[in-house]
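K.L.:
Before I ask anything, let me first share the structure, which is written out below as C-alpha cells.
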Amino acid sequence: MFTQEEKDAVYKAIYTRRDVRSFLPDPIPETAVRSILDAAHHAPSVGFMQPWNFILVSSNEVKEKLSWAAEKERRALAIHYEGEKETKFLGLKVQGLKEAPLTICVTCDPTRGGSHVLGRNSIPETDVLSTACAIQNMWLAACAEGLALGWVSFYKKNDVRDILEIPPHIDPVALLSIGYTEHYPAKPILESADWEKRRVLDQLIFADKWGVKPEA
C-alpha cells in the first residue's frame with residue numbers, strides 16, 4: 001500500500017513531466033544516471049523479454065553527428081506543412097542534442113528471447129511497446145531527479161545506426177537528451193506554441209463498444 005504522500009509523489013511526477021529542448025551544460029551525477037537506467041530496466045515487458053539496450057552518448061563529436069541527422073530530417077519534414085504551419089514548425093526547437101551533457105539512445109532487440117516470446121507471437125510490436133514503457137520510466141525518474149529529458153523523434157533510423165554502429169536488426173527507438181534546464185515548462189511545448197490542444201478525456205472514453213458513451 002502507498003501512503004497518501006507517496007501517491008501524491010507518483011502523480012506529481014506524471015503531471016509535471018515535460019518534453020524539454022533547452023539544457024544547461026552542467027554534468028549529471030552518475031548516481032542519477034544509474035537511477036534513471038535502473039528505473040527503465042524495471043519497466044514491464046511482454047514475455048519478460050527486456051528488449052532494451054542503452055547507448056550513453058557524451059562525446060561532442062558523436063552528439064554533433066546525431067544533431068545533424070535530426071536537423072536534416074526536420075527540414076525534410078517541413079515540406080508537409082504550408083504557410084503559417086510551416087513557419088511555426090521550422091520555428092520550433094525540436095532537439096537539444098548538442099546542448100545536453102548526455103543523450104541516451106534506447107534500442108529494441110526484436111530477437112531477444114528467441115523466436116517464441118510469450119505474448120509476442122500474437123502481437124509482434126509488443127517488443128517496441130515494452131521499450132516505450134522503459135522510456136516512460138526514464139522520463140518519470142528524470143523528473144523526480146530534477147532533470148529535464150527530451151525525446152528526439154526526427155531522424156532516419158539508418159543514420160543513427162551508422163553513427164552509433166548499431167547492428168542492422170536492432171531498432172533505435174529513441175534518442176533521449178538529458179540534463180538540467182533553466183526553464184521547466186508548465187505546459188507541453190507544443191501546447192504552449194498552439195500546435196495542438198490537450199483533448200478532453202471524457203470524449204475519449206467508450207463503454208463496451210467503440211463510440212458508445214458511458215452512462216452518466
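Every chain in the C-alpha cells has a letter given in the order shown (A, B, ...), and although residue numbers restart at 1 in each chain, ligands are simply numbered from 1 in the order shown.
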Considering only C-alpha atoms, return as number ranges by chain whatever protein or nucleic-acid residues lie within 12 Å of Val212 in chain A, sequence-local ones (same chain, fewer than 5 positions apart) excluded.

P.N.:
A: 202-207

K.L.:
Which residues are close to Ile14 in chain A, i.e. within 9 Å by only C-alpha atoms, leaving aside same-chain residues fewer than 3 positions away? Reply as a ChimeraX atom specification.

P.N.:
/A:9-11,17,140,143

K.L.:
Tell me which protein, DNA and RNA residues are within 6 Å of range 131-137 of chain A, counting only C-alpha atoms, leaving out same-chain ones fewer than 6 positions away, and put them as a tab-separated table (two decimals) with C-alpha atoms, in the first residue's frame.

P.N.:
chain	number	residue	atom	x	y	z
A	39	ALA	CA	14.04	2.61	-13.50
A	40	ALA	CA	13.99	1.81	-17.22
A	43	ALA	CA	9.71	-1.48	-16.77
A	52	TRP	CA	16.16	-2.73	-24.43

K.L.:
Which of these residues is nearest to Glu99 in chain A, using only C-alpha atoms: A:Ser35, A:Ser130, A:Pro27, A:Ala76?

P.N.:
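Nearest candidate to Glu99 in chain A out of A:Ser35, A:Ser130, A:Pro27, A:Ala76: A:Pro27.
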
K.L.:
Counting only C-alpha atoms, give me one row per residue of range 35-59 of chain A with an atom at most 9 Å from an atom of range 100-110 of chain A, showing the shortest contact pair and its distance in Å to one decimal, sorted by chain then residue number, as JSON lines.

P.N.:
{"residue": "A:Gln50", "atom": "CA", "partner": "A:Cys108", "partner_atom": "CA", "distance": 8.7}
{"residue": "A:Pro51", "atom": "CA", "partner": "A:Asp109", "partner_atom": "CA", "distance": 5.0}
{"residue": "A:Trp52", "atom": "CA", "partner": "A:Cys108", "partner_atom": "CA", "distance": 4.8}
{"residue": "A:Asn53", "atom": "CA", "partner": "A:Thr107", "partner_atom": "CA", "distance": 5.2}
{"residue": "A:Phe54", "atom": "CA", "partner": "A:Val106", "partner_atom": "CA", "distance": 4.9}
{"residue": "A:Ile55", "atom": "CA", "partner": "A:Cys105", "partner_atom": "CA", "distance": 5.0}
{"residue": "A:Leu56", "atom": "CA", "partner": "A:Ile104", "partner_atom": "CA", "distance": 4.7}
{"residue": "A:Val57", "atom": "CA", "partner": "A:Thr103", "partner_atom": "CA", "distance": 5.1}
{"residue": "A:Ser58", "atom": "CA", "partner": "A:Leu102", "partner_atom": "CA", "distance": 5.0}
{"residue": "A:Ser59", "atom": "CA", "partner": "A:Leu102", "partner_atom": "CA", "distance": 8.5}

K.L.:
Next, the residues of the selection above should be written as a PDB file, in the first residue's frame with C-alpha atoms.

P.N.:
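Final output, saved to again31.pdb:
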ATOM      1  CA  GLN A  50      13.514  -6.976 -21.720  1.00  0.00           C
ATOM      2  CA  PRO A  51      14.357  -5.960 -25.301  1.00  0.00           C
ATOM      3  CA  TRP A  52      16.161  -2.728 -24.435  1.00  0.00           C
ATOM      4  CA  ASN A  53      19.758  -1.550 -24.527  1.00  0.00           C
ATOM      5  CA  PHE A  54      21.079   1.905 -23.671  1.00  0.00           C
ATOM      6  CA  ILE A  55      23.885   3.699 -25.527  1.00  0.00           C
ATOM      7  CA  LEU A  56      25.193   6.600 -23.414  1.00  0.00           C
ATOM      8  CA  VAL A  57      26.443   9.391 -25.679  1.00  0.00           C
ATOM      9  CA  SER A  58      28.543  12.137 -24.098  1.00  0.00           C
ATOM     10  CA  SER A  59      31.088  12.688 -26.895  1.00  0.00           C
TER      11      SER A  59
END

K.L.:
Taking only C-alpha atoms into account, name the residue in A:Ala69, A:Met138, A:Ile178, A:Ile170 that is nearest to Pro29 in chain A.

P.N.:
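Ranked by minimum distance to Pro29 in chain A, first place goes to A:Ile178.
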
K.L.:
Find the residues near Val152 in chain A: any atom within 10 Å, counting only C-alpha atoms, skip ones fewer than 2 places away on the same chain, and give them as a ChimeraX atom specification.

P.N.:
/A:19-21,66-67,70,94-97,103,105,149-150,154-155,173-177

K.L.:
Determine the nearest neighbour of Asp26 in chain A from the options A:Gly179, A:Arg198, A:Glu215, A:Pro167, counting only C-alpha atoms.

P.N.:
A:Gly179

K.L.:
With DSSP run on the backbone, what are the strand (DSSP E) residues within range 20-198 of chain A? I'd like them as a list in words.

P.N.:
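Put together, the selection reads Trp52, Asn53, Phe54, Ile55, Leu56, Val57, Leu102, Thr103, Ile104, Cys105, Val106, Thr107, Cys108, Ala148, Leu149, Gly150, Trp151, Val152, Asp171, Pro172, Val173, Ala174, Leu175, Leu176, Ser177, Ile178 and Gly179 of chain A.
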
K.L.:
Identify which of the residues A:Pro44, A:Glu6, A:Ala32, A:Pro25 lies closest to Glu182 in chain A, counting only C-alpha atoms when measuring atom-to-atom distances.

P.N.:
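The answer is A:Pro25, which sits nearest to Glu182 in chain A.
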
K.L.:
Using backbone DSSP assignments, extract all alpha helix (DSSP H) residues from range 15-63 of chain A; output them as a VMD selection string.

P.N.:
chain A and resid 15 to 16 30 to 41 60 to 63

K.L.:
In Å to one decimal, how far is CA of Ala141 in chain A from CA of Thr181 in chain A?

P.N.:
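Pair CA of Thr181 in chain A / CA of Ala141 in chain A returns 15.6 Å.
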